[in-house]
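Structure file work_31.txt with compact mmCIF, C-alpha atoms:
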```txt
# COMPACT_ATOMS: atom_id res chain seq x y z
CA MET A 1 0.00 0.00 0.00
CA ARG A 2 1.00 3.63 -0.48
CA PHE A 3 2.01 5.92 2.38
CA THR A 4 0.65 9.44 1.85
CA VAL A 5 2.76 11.99 3.72
CA LEU A 6 0.53 14.38 5.67
CA THR A 7 0.88 17.70 7.44
CA GLU A 8 -0.48 18.70 10.81
CA PRO A 9 -3.57 20.88 10.29
CA ASP A 10 -2.38 23.40 12.87
CA GLY A 11 0.98 23.85 11.12
CA ARG A 12 2.89 22.87 14.26
CA ARG A 13 6.59 23.71 14.22
CA SER A 14 9.51 22.39 16.27
CA ALA A 15 13.12 23.41 16.69
CA ARG A 16 14.07 19.83 15.87
CA ARG A 17 12.18 19.71 12.57
CA ALA A 18 14.44 19.26 9.57
CA GLY A 19 12.62 21.56 7.13
CA ALA A 20 10.51 20.39 4.23
CA VAL A 21 11.34 16.72 4.37
CA VAL A 22 9.19 14.21 2.54
CA ALA A 23 10.39 10.63 2.93
CA VAL A 24 9.03 7.11 3.07
CA LEU A 25 10.51 4.12 4.86
CA SER A 26 7.58 1.75 4.33
CA GLY A 27 3.95 2.03 3.37
CA LEU A 28 0.37 2.51 4.45
CA ALA A 29 -2.37 4.58 2.80
CA LEU A 30 -3.45 7.44 5.04
CA ALA A 31 -5.89 10.34 5.02
CA LEU A 32 -6.52 12.90 7.75
CA THR A 33 -10.11 13.33 8.91
CA THR A 34 -12.40 12.84 11.86
CA THR A 35 -15.25 11.57 9.73
CA THR A 36 -15.98 7.93 10.18
CA ALA A 37 -16.97 5.36 7.59
CA HIS A 38 -15.38 2.20 6.30
CA ALA A 39 -13.21 2.95 3.30
CA ALA A 40 -13.95 1.11 0.06
CA PRO A 41 -11.13 -0.97 -1.45
CA GLY A 42 -8.52 1.37 -2.86
CA ASP A 43 -9.77 4.42 -0.92
CA PRO A 44 -7.62 6.19 1.69
CA ASP A 45 -8.02 4.96 5.24
CA VAL A 46 -10.14 7.08 7.59
CA ILE A 47 -8.03 8.37 10.48
CA ALA A 48 -9.46 9.97 13.62
CA HIS A 49 -6.94 12.72 14.41
CA ARG A 50 -6.12 12.64 18.14
CA GLY A 51 -9.12 10.37 18.40
CA SER A 52 -12.51 11.74 17.43
CA SER A 53 -11.24 15.15 18.51
CA GLY A 54 -14.01 17.17 16.90
CA MET A 55 -16.55 15.57 19.22
CA ALA A 56 -14.55 14.77 22.39
CA PRO A 57 -11.44 16.17 24.07
CA GLU A 58 -8.40 15.24 22.01
CA ASN A 59 -6.21 12.27 22.91
CA THR A 60 -8.43 11.16 25.79
CA ALA A 61 -10.17 7.85 26.33
CA ALA A 62 -13.44 9.52 25.34
CA ALA A 63 -12.00 10.53 21.95
CA ILE A 64 -10.40 7.13 21.36
CA ASP A 65 -13.53 5.19 22.30
CA LEU A 66 -15.73 7.39 20.14
CA ALA A 67 -13.46 6.87 17.14
CA VAL A 68 -13.74 3.11 17.60
CA ARG A 69 -17.54 3.33 17.84
CA GLN A 70 -17.56 5.46 14.68
CA HIS A 71 -15.61 2.74 12.87
CA ALA A 72 -12.50 4.81 12.13
CA ASP A 73 -9.86 2.75 10.34
CA PHE A 74 -7.15 4.27 12.57
CA VAL A 75 -6.80 6.56 15.55
CA GLU A 76 -3.86 8.95 15.41
CA ILE A 77 -2.18 9.71 18.73
CA ASP A 78 0.86 11.64 19.97
CA VAL A 79 3.45 9.85 22.06
CA GLN A 80 5.27 11.73 24.82
CA GLN A 81 7.13 10.57 27.93
CA THR A 82 6.85 11.46 31.60
CA LYS A 83 9.71 12.21 33.97
CA ASP A 84 9.60 8.61 35.18
CA GLY A 85 9.50 7.07 31.72
CA LYS A 86 5.78 6.42 31.16
CA LEU A 87 4.67 6.82 27.52
CA VAL A 88 1.53 8.96 27.38
CA ASN A 89 -0.86 10.22 24.72
CA PHE A 90 -0.53 14.02 24.57
CA HIS A 91 -0.07 16.48 21.74
CA ASP A 92 1.25 19.89 22.83
CA CYS A 93 4.79 20.45 24.07
CA THR A 94 3.31 22.04 27.21
CA MET A 95 0.07 21.17 28.94
CA GLU A 96 -1.65 24.50 29.65
CA ARG A 97 -4.02 24.51 26.67
CA THR A 98 -5.93 21.30 27.38
CA THR A 99 -5.47 20.64 31.11
CA ASN A 100 -5.70 22.41 34.48
CA ILE A 101 -1.97 21.89 35.08
CA LYS A 102 -1.24 25.48 36.15
CA THR A 103 -4.09 25.47 38.65
CA LEU A 104 -3.09 22.12 40.11
CA TYR A 105 0.65 22.84 40.16
CA PRO A 106 0.91 26.65 40.26
CA ASP A 107 4.55 26.94 41.28
CA ARG A 108 6.21 24.69 38.71
CA PRO A 109 8.74 26.40 36.40
CA ARG A 110 7.64 24.42 33.32
CA TYR A 111 4.61 22.47 32.24
CA ARG A 112 6.00 19.87 29.87
CA VAL A 113 4.90 16.24 30.11
CA SER A 114 8.52 15.28 30.78
CA ASP A 115 8.68 17.55 33.86
CA PHE A 116 6.07 15.50 35.74
CA THR A 117 5.75 11.93 36.95
CA TRP A 118 2.85 9.82 35.77
CA LYS A 119 1.43 9.87 39.31
CA GLU A 120 1.31 13.66 39.18
CA LEU A 121 -0.29 13.73 35.74
CA GLN A 122 -3.02 11.30 36.75
CA HIS A 123 -4.64 14.11 38.77
CA LEU A 124 -5.16 16.39 35.76
CA ASP A 125 -8.47 17.30 34.18
CA ALA A 126 -8.02 17.00 30.41
CA GLY A 127 -11.68 17.39 29.49
CA THR A 128 -13.22 20.57 30.92
CA TRP A 129 -11.47 22.82 28.37
CA PHE A 130 -13.47 21.05 25.65
CA HIS A 131 -16.87 20.87 27.36
CA LYS A 132 -18.08 20.71 30.94
CA LYS A 133 -19.63 17.28 30.35
CA TYR A 134 -16.06 15.94 30.04
CA ALA A 135 -14.94 17.40 33.37
CA GLY A 136 -12.41 15.13 35.02
CA GLU A 137 -11.46 13.27 31.84
CA PRO A 138 -7.91 12.07 32.57
CA LEU A 139 -4.78 11.79 30.49
CA ILE A 140 -4.15 8.28 29.21
CA THR A 141 -1.05 6.23 28.50
CA LEU A 142 -0.01 4.52 25.29
CA ASP A 143 -0.92 1.23 26.97
CA ASP A 144 -4.42 2.56 27.66
CA VAL A 145 -4.82 3.41 23.96
CA ILE A 146 -3.64 -0.03 22.88
CA HIS A 147 -5.99 -1.71 25.34
CA ARG A 148 -8.94 0.26 23.93
CA ILE A 149 -8.27 -0.51 20.26
CA ASP A 150 -6.75 -4.00 20.45
CA ARG A 151 -8.97 -6.65 18.84
CA THR A 152 -11.22 -3.99 17.26
CA HIS A 153 -11.57 -2.86 13.65
CA THR A 154 -9.58 0.31 14.46
CA GLY A 155 -5.82 0.49 14.08
CA LEU A 156 -3.18 2.77 15.60
CA LEU A 157 -1.16 5.54 13.98
CA ALA A 158 1.32 6.76 16.60
CA GLU A 159 3.20 10.00 16.10
CA ILE A 160 6.56 10.38 17.82
CA SER A 161 6.50 13.76 19.54
CA PRO A 162 8.74 16.37 17.85
CA CYS A 163 9.06 18.42 21.07
CA SER A 164 12.70 19.48 21.26
CA HIS A 165 13.45 18.28 24.80
CA TYR A 166 13.10 14.60 23.88
CA THR A 167 16.23 12.72 22.80
CA ASP A 168 15.47 8.99 22.99
CA ILE A 169 11.70 8.86 22.65
CA ALA A 170 11.80 7.05 19.28
CA THR A 171 13.82 4.15 20.60
CA ASP A 172 11.88 4.15 23.88
CA LEU A 173 8.66 3.79 21.89
CA ALA A 174 10.11 0.96 19.82
CA ASP A 175 11.44 -0.82 22.90
CA HIS A 176 8.09 -0.51 24.65
CA LEU A 177 6.19 -1.94 21.69
CA THR A 178 8.49 -4.97 21.70
CA THR A 179 7.18 -5.76 25.20
CA LYS A 180 3.75 -6.38 23.62
CA PRO A 181 4.45 -9.20 21.14
CA ALA A 182 0.87 -10.49 21.04
CA TYR A 183 -0.51 -7.05 20.17
CA LEU A 184 2.27 -6.41 17.65
CA ASN A 185 1.62 -9.68 15.89
CA ARG A 186 -2.13 -9.06 15.66
CA ALA A 187 -1.74 -5.43 14.57
CA LEU A 188 0.84 -6.15 11.88
CA THR A 189 -1.06 -9.17 10.59
CA HIS A 190 -4.15 -7.02 10.09
CA HIS A 191 -2.23 -3.91 8.90
CA GLN A 192 -3.43 -1.97 11.94
CA LEU A 193 -0.25 -0.28 13.14
CA ALA A 194 1.98 2.49 11.78
CA VAL A 195 4.24 5.22 13.18
CA GLN A 196 4.95 8.72 11.89
CA SER A 197 7.36 11.52 12.75
CA PHE A 198 8.34 15.03 11.73
CA GLN A 199 11.95 14.17 12.60
CA PRO A 200 13.95 12.11 10.09
CA ASP A 201 16.40 11.07 12.81
CA ASP A 202 13.59 9.82 15.02
CA ALA A 203 11.97 7.97 12.13
CA HIS A 204 15.28 6.32 11.25
CA ALA A 205 15.98 5.38 14.89
CA PHE A 206 12.55 3.81 15.26
CA HIS A 207 12.74 2.03 11.91
CA THR A 208 16.17 0.63 12.76
CA ARG A 209 14.79 -0.80 16.00
CA LEU A 210 11.49 -2.10 14.59
CA PRO A 211 11.72 -2.36 10.79
CA THR A 212 8.51 -4.39 10.48
CA ILE A 213 6.32 -1.44 11.49
CA PRO A 214 5.40 0.97 8.65
CA ILE A 215 6.75 4.47 9.29
CA GLY A 216 6.53 7.76 7.41
CA ILE A 217 7.99 11.24 7.77
CA LEU A 218 5.63 14.19 7.96
CA ASP A 219 6.13 17.65 6.50
CA ALA A 220 4.36 20.78 7.73
CA ASP A 221 5.53 23.11 4.93
```

Serialized structure, structure tokens:
Amino acid sequence: MRFTVLTEPDGRRSARRAGAVVAVLSGLALALTTTTAHAAPGDPDVIAHRGSSGMAPENTAAAIDLAVRQHADFVEIDVQQTKDGKLVNFHDCTMERTTNIKTLYPDRPRYRVSDFTWKELQHLDAGTWFHKKYAGEPLITLDDVIHRIDRTHTGLLAEISPCSHYTDIATDLADHLTTKPAYLNRALTHHQLAVQSFQPDDAHAFHTRLPTIPIGILDAD
């Protein structure tokens, strides 16, 4: 299958991004949308960006579960890492936009995922910003996402975070996935797993570690 290189709709930039890079390491047909319907043979796959983020708070269990119920072919998530090494599903390089982090921890010098332990982040409200009915919606881990989509019709498209303070997140993601051989086998057998990155170095590092997983490089220009 063909891998269509996509851009982030918000034009996100990072100091680590290597300009207008368009590259392919292996393939999967992709299209970016939050609409949900089974694609006909030969059509692009339907991908729920950050889960069904138009109808639920992005990258939360609510958004992931809704995408599965809507029969999305894939959910796209963003992989970041806590101070104590937990891989979590979160998009922005800091957490003020979609959580109550500053209210809960008012005296912290920075609000990056990597500045907090997973225990600390479990207390956050990641839903109220979207709508009051999602008050108290928590952050979720990569393992939570996998648990919610495993053995369903919905696959996983995981983006390696381009936030500049991460150095080994690509290999940490690859190493973590190797601890889930049953899931990996099922997902690859059914073409339900791919990884993407804005960083060529991260894409290469991941691909070197896990060459069986399709990976593509994104370009925001």

Using all atoms listed in the file, pick whichever of A:Pro106, A:Pro181, A:Gly155, A:Gly136 has the shortest atom-to-atom distance to Gly51 (chain A). A:Gly155

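You can rank A:Lys102, A:Arg97, A:His176, A:Arg69 by their closest distance to Trp129 (chain A) using all atoms listed in the file, and at the top of that list sits A:Arg97.
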
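Among the candidates A:Thr98, A:Ser164, A:Thr128, A:Thr154, the residue lying nearest to Ser114 (chain A) is A:Ser164 (atoms considered: all atoms listed in the file).
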
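Distance check against Arg209 (chain A) using only C-alpha atoms: of A:Asp150, A:Asp45, A:Asp84, A:Asp172, the minimum falls on A:Asp172.
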
For a test of reading the model, state the distance in Å between CA of Lys119 (chain A) and CA of Lys132 (chain A), rounded to one decimal. 23.8 Å

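Considering the residues A:Leu104, A:Val145, A:Ala194, A:Val46 and counting all atoms listed in the file, Glu120 (chain A) has its shortest atom-to-atom contact with A:Leu104.
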
Protein and nucleic acid residues near (-9.0, 4.4, 30.7) (cut-off 9 Å, all atoms listed in the file) as a PyMOL selection string: chain A and resi 60-62+138-141+144-145+147-148

Dump C-alpha atoms for the selected residues as a CSV table (one decimal), keeping the file's coordinate frame?
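Result saved to part14.csv:
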```
chain,number,residue,atom,x,y,z
A,60,THR,CA,-8.4,11.2,25.8
A,61,ALA,CA,-10.2,7.8,26.3
A,62,ALA,CA,-13.4,9.5,25.3
A,138,PRO,CA,-7.9,12.1,32.6
A,139,LEU,CA,-4.8,11.8,30.5
A,140,ILE,CA,-4.2,8.3,29.2
A,141,THR,CA,-1.0,6.2,28.5
A,144,ASP,CA,-4.4,2.6,27.7
A,145,VAL,CA,-4.8,3.4,24.0
A,147,HIS,CA,-6.0,-1.7,25.3
A,148,ARG,CA,-8.9,0.3,23.9
```

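Using all atoms listed in the file, the residues found no farther than 9 Å from Phe90 (chain A), other than those of its own chain fewer than 2 positions away, are Arg50, Glu58, Asn59, Thr60, Ile77, Asp78, Val79, Gln80, Val88, Asp92, Cys93, Met95, Val113, Leu139, Ile140, Thr141 and Ser161 of chain A.
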
Put those residues in a file: C-alpha atoms, as a PDB file, keeping the file's coordinate frame.
```pdb
ATOM      1  CA  ARG A  50      -6.120  12.640  18.140  1.00  0.00           C
ATOM      2  CA  GLU A  58      -8.400  15.240  22.010  1.00  0.00           C
ATOM      3  CA  ASN A  59      -6.210  12.270  22.910  1.00  0.00           C
ATOM      4  CA  THR A  60      -8.430  11.160  25.790  1.00  0.00           C
ATOM      5  CA  ILE A  77      -2.180   9.710  18.730  1.00  0.00           C
ATOM      6  CA  ASP A  78       0.860  11.640  19.970  1.00  0.00           C
ATOM      7  CA  VAL A  79       3.450   9.850  22.060  1.00  0.00           C
ATOM      8  CA  GLN A  80       5.270  11.730  24.820  1.00  0.00           C
ATOM      9  CA  VAL A  88       1.530   8.960  27.380  1.00  0.00           C
ATOM     10  CA  ASP A  92       1.250  19.890  22.830  1.00  0.00           C
ATOM     11  CA  CYS A  93       4.790  20.450  24.070  1.00  0.00           C
ATOM     12  CA  MET A  95       0.070  21.170  28.940  1.00  0.00           C
ATOM     13  CA  VAL A 113       4.900  16.240  30.110  1.00  0.00           C
ATOM     14  CA  LEU A 139      -4.780  11.790  30.490  1.00  0.00           C
ATOM     15  CA  ILE A 140      -4.150   8.280  29.210  1.00  0.00           C
ATOM     16  CA  THR A 141      -1.050   6.230  28.500  1.00  0.00           C
ATOM     17  CA  SER A 161       6.500  13.760  19.540  1.00  0.00           C
TER      18      SER A 161
END
```

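The closest residue to Gly216 (chain A), picked from A:Ala126, A:Val75, A:Leu193, A:Ala187 and counting only C-alpha atoms, is A:Leu193.
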
If we count only C-alpha atoms, what is near Lys83 (chain A) at a cut-off of 7 Å, once residues fewer than 6 positions away on the same chain are taken out, given as number ranges by chain? A: 114-117

Need the shell around Ile160 (chain A): protein/DNA/RNA residues with any atom at most 8 Å away, counting only C-alpha atoms. Skip same-chain ones fewer than 2 positions apart. Format as a PDB file with C-alpha atoms, in the coordinates of the input?
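Wrote it out as part07.pdb, contents follow:
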```
ATOM      1  CA  ASP A  78       0.860  11.640  19.970  1.00  0.00           C
ATOM      2  CA  VAL A  79       3.450   9.850  22.060  1.00  0.00           C
ATOM      3  CA  GLN A  80       5.270  11.730  24.820  1.00  0.00           C
ATOM      4  CA  ALA A 158       1.320   6.760  16.600  1.00  0.00           C
ATOM      5  CA  PRO A 162       8.740  16.370  17.850  1.00  0.00           C
ATOM      6  CA  ILE A 169      11.700   8.860  22.650  1.00  0.00           C
ATOM      7  CA  ALA A 170      11.800   7.050  19.280  1.00  0.00           C
ATOM      8  CA  VAL A 195       4.240   5.220  13.180  1.00  0.00           C
ATOM      9  CA  GLN A 196       4.950   8.720  11.890  1.00  0.00           C
ATOM     10  CA  SER A 197       7.360  11.520  12.750  1.00  0.00           C
ATOM     11  CA  PHE A 198       8.340  15.030  11.730  1.00  0.00           C
ATOM     12  CA  ASP A 202      13.590   9.820  15.020  1.00  0.00           C
TER      13      ASP A 202
END
```

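Going from CA of Ala48 (chain A) to CA of Leu142 (chain A) covers 16.0 Å.
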
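Straight-line separation from CA of Ile217 (chain A) to CA of Ile149 (chain A): 23.6 Å.
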
Fewer than 5 positions away in the same chain doesn't count, so skip those; otherwise give me all residues within 10 Å of Leu184 (chain A), counting all atoms listed in the file, as a ChimeraX atom specification. /A:150,177-179,189-190,192-193,212-213
